[in-house]
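Each remark here refers to the structure printed beneath this line.
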Amino acid sequence: MRATVMYRAGDVRVENVPDAAIVNPTDALVRVTRACICGSDLWPYKDMPPTEDGRRMGHEAIGVVEAVGAGVRTVKKGDFVVMPFAFSDGECAFCHEGLQTSCVHGGFFGFSEGVGGAQAEAIRIPLADGTLFVLPVGEDSALVASLLTLSDVMGTGHHAAVTAGVGRGKKVAVVGDGAVGLCGVIAAKRLGAEQIILLGRHPARIALAKEFGATDIVSERGDAAVERVREMTGGFGVHSVLESVGTEPAMLTAVNITRPGGAIGRVGVPHYPGIPAWDSTFYKNITISGGPAPVRAYIAELLPDVLEGRIQPGRVFDRVIGIDEVPDGYRAMDKREAIKVMVKP
Ligand SMILES: [Zn+2]
């Protein structure tokens, strides 16, 4: 089968690899009908050291179950499923608490040893019962793009909003205008935020953010951005910041636009050494929360809104490619020519 392998920064290839297959009795084999390239894939694309064997890429997909192991109970051949970016057993203490990304038997697609990536024609799903979510529609559903976002970006934007304490009447800022930031706007609106300020500069992304519910846009950076947000919020900053970037400047901006007693939901994979401990966080009583989103826990909550068209997170996809064009998809996202690329294997 065809699958995506990254060998080093900037070197992504689509290769013939051994077909995905059931290994353990708790596995399912899924034929990928749609996958995508994630903003977090761009980190190794920028800085991955050279490797001999490469790393299988991709952690977001929907597809059709082709086969299940003898121990699988809730998923069957022919089911149309969404695959969260982390696999989980659904049975441990953390899965019961809705924190499947900390599952004691779990791991991450395209990352954990022996587990393949989703930018491929098929993928082996460990712990299929706990991991896969069976969708109530078929693979030809018109909602496929939005359903695919439940694999990561919509659930991740929602997690940022939840951990930042977004609620009715709150003032919210979203740092970052990538697919996760844009889904964060959807999530903030859905949870009742009164003001949603997007920090971003890219015209197409800003336009989409406004359609998703952003009330204000700040295109300045650094101190100027902080100043603008404070002006817009009565001088104090926002209750909730959704930090979807993961760089030090983004995190510093997030800290400086949070009002006393407010919270930051971090979902951008951190690429900074630390968070300021002094007056900007301690004396303002700021909560810093977030982490890898337990998207498995959120699918049941978000799915009805997708099925009934109340949210349309699939609009973040602005390019569709075939499996062999994946290297060009990485390039387009890295150059910010595309917001999010869908792969149709
Ligand atoms: Zn678990």
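Going through the structure tokens in order, the chains are called A, B, and so on, while each chain numbers its residues from 1 and the ligands are numbered from 1 in the order shown.
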For the interface of chain A with ligand 1 (cut-off 6 Å, counting only C-alpha atoms and all ligand atoms), please tabulate each contacting residue of chain A alongside its nearest pair of atoms and their separation in Å to one decimal, rows sorted by chain and increasing number, as JSON lines.
{"residue": "A:Ser88", "atom": "CA", "partner": "ligand 1", "partner_atom_place_in_ligand_line": "1 (Zn)", "distance": 5.0}
{"residue": "A:Asp89", "atom": "CA", "partner": "ligand 1", "partner_atom_place_in_ligand_line": "1 (Zn)", "distance": 4.4}
{"residue": "A:Gly90", "atom": "CA", "partner": "ligand 1", "partner_atom_place_in_ligand_line": "1 (Zn)", "distance": 4.8}
{"residue": "A:Glu91", "atom": "CA", "partner": "ligand 1", "partner_atom_place_in_ligand_line": "1 (Zn)", "distance": 5.0}
{"residue": "A:Cys92", "atom": "CA", "partner": "ligand 1", "partner_atom_place_in_ligand_line": "1 (Zn)", "distance": 3.9}
{"residue": "A:Phe94", "atom": "CA", "partner": "ligand 1", "partner_atom_place_in_ligand_line": "1 (Zn)", "distance": 5.6}
{"residue": "A:Cys95", "atom": "CA", "partner": "ligand 1", "partner_atom_place_in_ligand_line": "1 (Zn)", "distance": 4.3}
{"residue": "A:Gln100", "atom": "CA", "partner": "ligand 1", "partner_atom_place_in_ligand_line": "1 (Zn)", "distance": 5.8}
{"residue": "A:Cys103", "atom": "CA", "partner": "ligand 1", "partner_atom_place_in_ligand_line": "1 (Zn)", "distance": 3.5}
{"residue": "A:Val104", "atom": "CA", "partner": "ligand 1", "partner_atom_place_in_ligand_line": "1 (Zn)", "distance": 5.3}
{"residue": "A:His105", "atom": "CA", "partner": "ligand 1", "partner_atom_place_in_ligand_line": "1 (Zn)", "distance": 5.9}
I need the chosen residues saved as a compact mmCIF listing (two decimals), in the first residue's frame, with all heavy atoms.
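To be explicit, this is the file written out as result-v4.txt:
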# COMPACT_ATOMS: atom_id res chain seq x y z
N SER A 88 -6.68 4.48 22.47
CA SER A 88 -6.91 4.35 23.91
C SER A 88 -7.80 3.13 24.16
O SER A 88 -8.59 2.76 23.30
CB SER A 88 -7.58 5.62 24.44
OG SER A 88 -8.76 5.90 23.72
N ASP A 89 -7.67 2.54 25.34
CA ASP A 89 -8.40 1.29 25.60
C ASP A 89 -9.85 1.52 26.03
O ASP A 89 -10.66 0.59 26.01
CB ASP A 89 -7.65 0.43 26.64
CG ASP A 89 -7.47 1.11 27.99
OD1 ASP A 89 -8.09 2.18 28.20
OD2 ASP A 89 -6.72 0.58 28.82
N GLY A 90 -10.18 2.74 26.46
CA GLY A 90 -11.55 3.01 26.90
C GLY A 90 -11.88 2.41 28.25
O GLY A 90 -13.04 2.47 28.68
N GLU A 91 -10.90 1.86 28.93
CA GLU A 91 -11.19 1.11 30.16
C GLU A 91 -10.40 1.57 31.38
O GLU A 91 -10.78 1.27 32.50
CB GLU A 91 -10.87 -0.38 29.93
CG GLU A 91 -11.83 -1.03 28.96
CD GLU A 91 -11.45 -2.46 28.64
OE1 GLU A 91 -10.32 -2.88 28.97
OE2 GLU A 91 -12.30 -3.16 28.05
N CYS A 92 -9.31 2.28 31.18
CA CYS A 92 -8.46 2.62 32.33
C CYS A 92 -9.03 3.83 33.07
O CYS A 92 -10.00 4.46 32.64
CB CYS A 92 -7.03 2.89 31.88
SG CYS A 92 -6.82 4.48 31.06
N PHE A 94 -7.95 6.85 33.33
CA PHE A 94 -7.94 8.11 32.58
C PHE A 94 -8.99 8.12 31.48
O PHE A 94 -9.61 9.15 31.22
CB PHE A 94 -6.53 8.41 32.05
CG PHE A 94 -5.54 8.58 33.16
CD1 PHE A 94 -4.60 7.60 33.44
CD2 PHE A 94 -5.59 9.70 33.97
CE1 PHE A 94 -3.71 7.74 34.49
CE2 PHE A 94 -4.71 9.86 35.03
CZ PHE A 94 -3.76 8.87 35.30
N CYS A 95 -9.19 6.98 30.83
CA CYS A 95 -10.25 6.91 29.82
C CYS A 95 -11.61 7.17 30.48
O CYS A 95 -12.44 7.90 29.94
CB CYS A 95 -10.25 5.56 29.13
SG CYS A 95 -8.90 5.38 27.93
N GLN A 100 -8.47 10.48 27.43
CA GLN A 100 -7.95 9.33 26.66
C GLN A 100 -6.53 9.53 26.16
O GLN A 100 -5.84 8.55 25.85
CB GLN A 100 -8.87 9.03 25.48
CG GLN A 100 -10.17 8.34 25.87
CD GLN A 100 -11.28 9.28 26.28
OE1 GLN A 100 -11.05 10.44 26.62
NE2 GLN A 100 -12.51 8.81 26.24
N CYS A 103 -4.27 7.62 28.37
CA CYS A 103 -4.60 6.19 28.55
C CYS A 103 -3.32 5.41 28.89
O CYS A 103 -2.30 5.56 28.22
CB CYS A 103 -5.23 5.63 27.28
SG CYS A 103 -5.54 3.85 27.39
N VAL A 104 -3.42 4.54 29.91
CA VAL A 104 -2.22 3.82 30.34
C VAL A 104 -1.75 2.80 29.29
O VAL A 104 -0.60 2.37 29.31
CB VAL A 104 -2.43 3.12 31.72
CG1 VAL A 104 -2.66 4.16 32.81
CG2 VAL A 104 -3.57 2.13 31.68
N HIS A 105 -2.63 2.41 28.37
CA HIS A 105 -2.22 1.49 27.30
C HIS A 105 -2.20 2.19 25.93
O HIS A 105 -2.04 1.54 24.91
CB HIS A 105 -3.17 0.29 27.24
CG HIS A 105 -3.19 -0.51 28.51
ND1 HIS A 105 -4.30 -0.60 29.32
CD2 HIS A 105 -2.21 -1.23 29.12
CE1 HIS A 105 -4.01 -1.35 30.38
NE2 HIS A 105 -2.76 -1.73 30.30
Could you give me, as a ChimeraX atom specification, each residue of segment 122-180 of chain A that DSSP assigns to strand (DSSP E) when run on this structure's backbone?
-> /A:122-125,133-134,171-175
Could you name the residues that touch Ala209 of chain A at 12 Å or less, counting only C-alpha atoms, but leaving out those on the same chain fewer than 4 positions away, as a PyMOL selection string?
-> chain A and resi 173-189+196-205+213-218+312-313+315-316+339
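If you measure from each of A:Ile323, A:Val229, A:Leu303, A:Met154 to Ile257 of chain A using only C-alpha atoms, the closest one turns out to be A:Val229.
With only C-alpha atoms as the atoms that count, the residue of A:Tyr298, A:Tyr283, A:Phe85, A:Tyr7 with the shortest distance to Thr51 of chain A is A:Tyr7.
Distances here use only C-alpha atoms; by that measure, the residue among A:Leu191, A:Met57, A:Val241, A:Leu208 closest to Gly116 of chain A is A:Met57.
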Residues near Ile123 of chain A, cut-off 8 Å, only C-alpha atoms, skip fewer than 4 positions along chain, as an mmCIF file with all heavy atoms, in the first residue's frame:
data_model
loop_
_atom_site.group_PDB
_atom_site.id
_atom_site.type_symbol
_atom_site.label_atom_id
_atom_site.label_comp_id
_atom_site.auth_asym_id
_atom_site.auth_seq_id
_atom_site.Cartn_x
_atom_site.Cartn_y
_atom_site.Cartn_z
ATOM 1 N N ALA A 20 -1.035 -2.656 5.772
ATOM 2 C CA ALA A 20 -1.454 -2.666 7.177
ATOM 3 C C ALA A 20 -2.234 -3.952 7.421
ATOM 4 O O ALA A 20 -2.956 -4.420 6.531
ATOM 5 C CB ALA A 20 -2.331 -1.454 7.466
ATOM 6 N N ALA A 21 -2.082 -4.513 8.617
ATOM 7 C CA ALA A 21 -2.754 -5.785 8.914
ATOM 8 C C ALA A 21 -3.043 -5.877 10.405
ATOM 9 O O ALA A 21 -2.433 -5.159 11.203
ATOM 10 C CB ALA A 21 -1.858 -6.953 8.497
ATOM 11 N N LEU A 29 -8.581 -3.093 11.236
ATOM 12 C CA LEU A 29 -7.910 -2.605 10.035
ATOM 13 C C LEU A 29 -8.876 -1.653 9.336
ATOM 14 O O LEU A 29 -10.017 -2.027 9.048
ATOM 15 C CB LEU A 29 -7.563 -3.783 9.130
ATOM 16 C CG LEU A 29 -6.955 -3.415 7.771
ATOM 17 C CD1 LEU A 29 -5.595 -2.756 7.948
ATOM 18 C CD2 LEU A 29 -6.842 -4.646 6.890
ATOM 19 N N VAL A 30 -8.436 -0.438 9.099
ATOM 20 C CA VAL A 30 -9.310 0.570 8.500
ATOM 21 C C VAL A 30 -8.747 1.013 7.143
ATOM 22 O O VAL A 30 -7.565 1.354 7.036
ATOM 23 C CB VAL A 30 -9.468 1.784 9.451
ATOM 24 C CG1 VAL A 30 -10.125 2.960 8.735
ATOM 25 C CG2 VAL A 30 -10.294 1.402 10.680
ATOM 26 N N ARG A 31 -9.626 0.974 6.138
ATOM 27 C CA ARG A 31 -9.285 1.569 4.839
ATOM 28 C C ARG A 31 -9.560 3.069 4.949
ATOM 29 O O ARG A 31 -10.681 3.470 5.276
ATOM 30 C CB ARG A 31 -10.158 0.940 3.741
ATOM 31 C CG ARG A 31 -10.047 1.631 2.388
ATOM 32 C CD ARG A 31 -10.757 0.840 1.291
ATOM 33 N NE ARG A 31 -12.169 0.612 1.556
ATOM 34 C CZ ARG A 31 -13.144 1.499 1.288
ATOM 35 N NH1 ARG A 31 -12.867 2.680 0.761
ATOM 36 N NH2 ARG A 31 -14.408 1.201 1.557
ATOM 37 N N VAL A 32 -8.524 3.855 4.743
ATOM 38 C CA VAL A 32 -8.647 5.302 4.928
ATOM 39 C C VAL A 32 -9.388 5.907 3.736
ATOM 40 O O VAL A 32 -8.947 5.757 2.594
ATOM 41 C CB VAL A 32 -7.245 5.941 5.073
ATOM 42 C CG1 VAL A 32 -7.338 7.462 5.130
ATOM 43 C CG2 VAL A 32 -6.526 5.393 6.310
ATOM 44 N N GLY A 116 1.379 2.702 12.625
ATOM 45 C CA GLY A 116 1.565 3.441 11.379
ATOM 46 C C GLY A 116 0.935 4.816 11.403
ATOM 47 O O GLY A 116 0.432 5.283 12.435
ATOM 48 N N GLY A 117 0.983 5.459 10.250
ATOM 49 C CA GLY A 117 0.398 6.783 10.114
ATOM 50 C C GLY A 117 -0.851 6.735 9.256
ATOM 51 O O GLY A 117 -1.103 5.768 8.525
ATOM 52 N N ALA A 118 -1.641 7.799 9.342
ATOM 53 C CA ALA A 118 -2.940 7.840 8.659
ATOM 54 C C ALA A 118 -2.856 8.418 7.251
ATOM 55 O O ALA A 118 -3.811 8.313 6.494
ATOM 56 C CB ALA A 118 -3.928 8.649 9.495
#
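For the pair atom CA of Thr156 of chain A and atom CA of Ala293 of chain A, the interatomic distance is 5.1 Å.
Residue-level DSSP output for segment 262-337 of chain A, from the backbone, shows helix (DSSP H, G or I) at Val295, Arg296, Ala297, Tyr298, Ile299, Ala300, Glu301, Leu302, Leu303, Pro304, Asp305, Val306, Leu307, Pro313, Gly314, Arg315, Val316, Ile323, Asp324, Glu325, Val326, Pro327, Asp328, Gly329, Tyr330, Arg331, Ala332, Met333 and Asp334 of chain A.
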Give me the segment 12-108 of chain A side of the contact with segment 328-331 of chain A, cut-off 10 Å, one line per residue showing its nearest atom pair and distance in Å at one decimal, counting only C-alpha atoms, sorted by chain and residue number, as a tab-separated table.
residue	atom	partner	partner_atom	distance
A:Val12	CA	A:Tyr330	CA	8.0
A:Arg13	CA	A:Asp328	CA	9.8
A:Cys36	CA	A:Gly329	CA	9.2
A:Ile37	CA	A:Tyr330	CA	7.0
A:Cys38	CA	A:Tyr330	CA	8.9
A:Gly39	CA	A:Tyr330	CA	9.3
A:Asp41	CA	A:Tyr330	CA	8.2
A:Leu42	CA	A:Tyr330	CA	7.3
A:Tyr45	CA	A:Tyr330	CA	7.9
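Nearest to Ala145 of chain A of all the residues A:Val269, A:Leu302, A:Ala120, A:Ile62 is A:Ile62, based on only C-alpha atoms.
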All residues 10 Å or closer to Leu148 of chain A, only C-alpha atoms, same chain fewer than 4 positions away omitted, as a PyMOL selection string | chain A and resi 33-36+60-63+81-84+143-144+152-154+313-314+342
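The shell of residues at most 7 Å from Ala3 of chain A, with only C-alpha atoms counted and near chain neighbours (fewer than 2 positions) removed, consists of Met1, Val5, Val14, Glu15, Asn16, Val17, Gln119, Ala120 and Glu121 of chain A.
Between atom CA of Val245 of chain A and atom CA of Ile206 of chain A the separation is 15.8 Å.
From atom CA of Met232 of chain A back to atom CA of Ala207 of chain A, the distance works out to 19.5 Å.
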Hey, which of A:Pro345, A:Ile22, A:Ala67, A:Leu307 ends up closest to Val326 of chain A? Count only C-alpha atoms.
-> A:Pro345
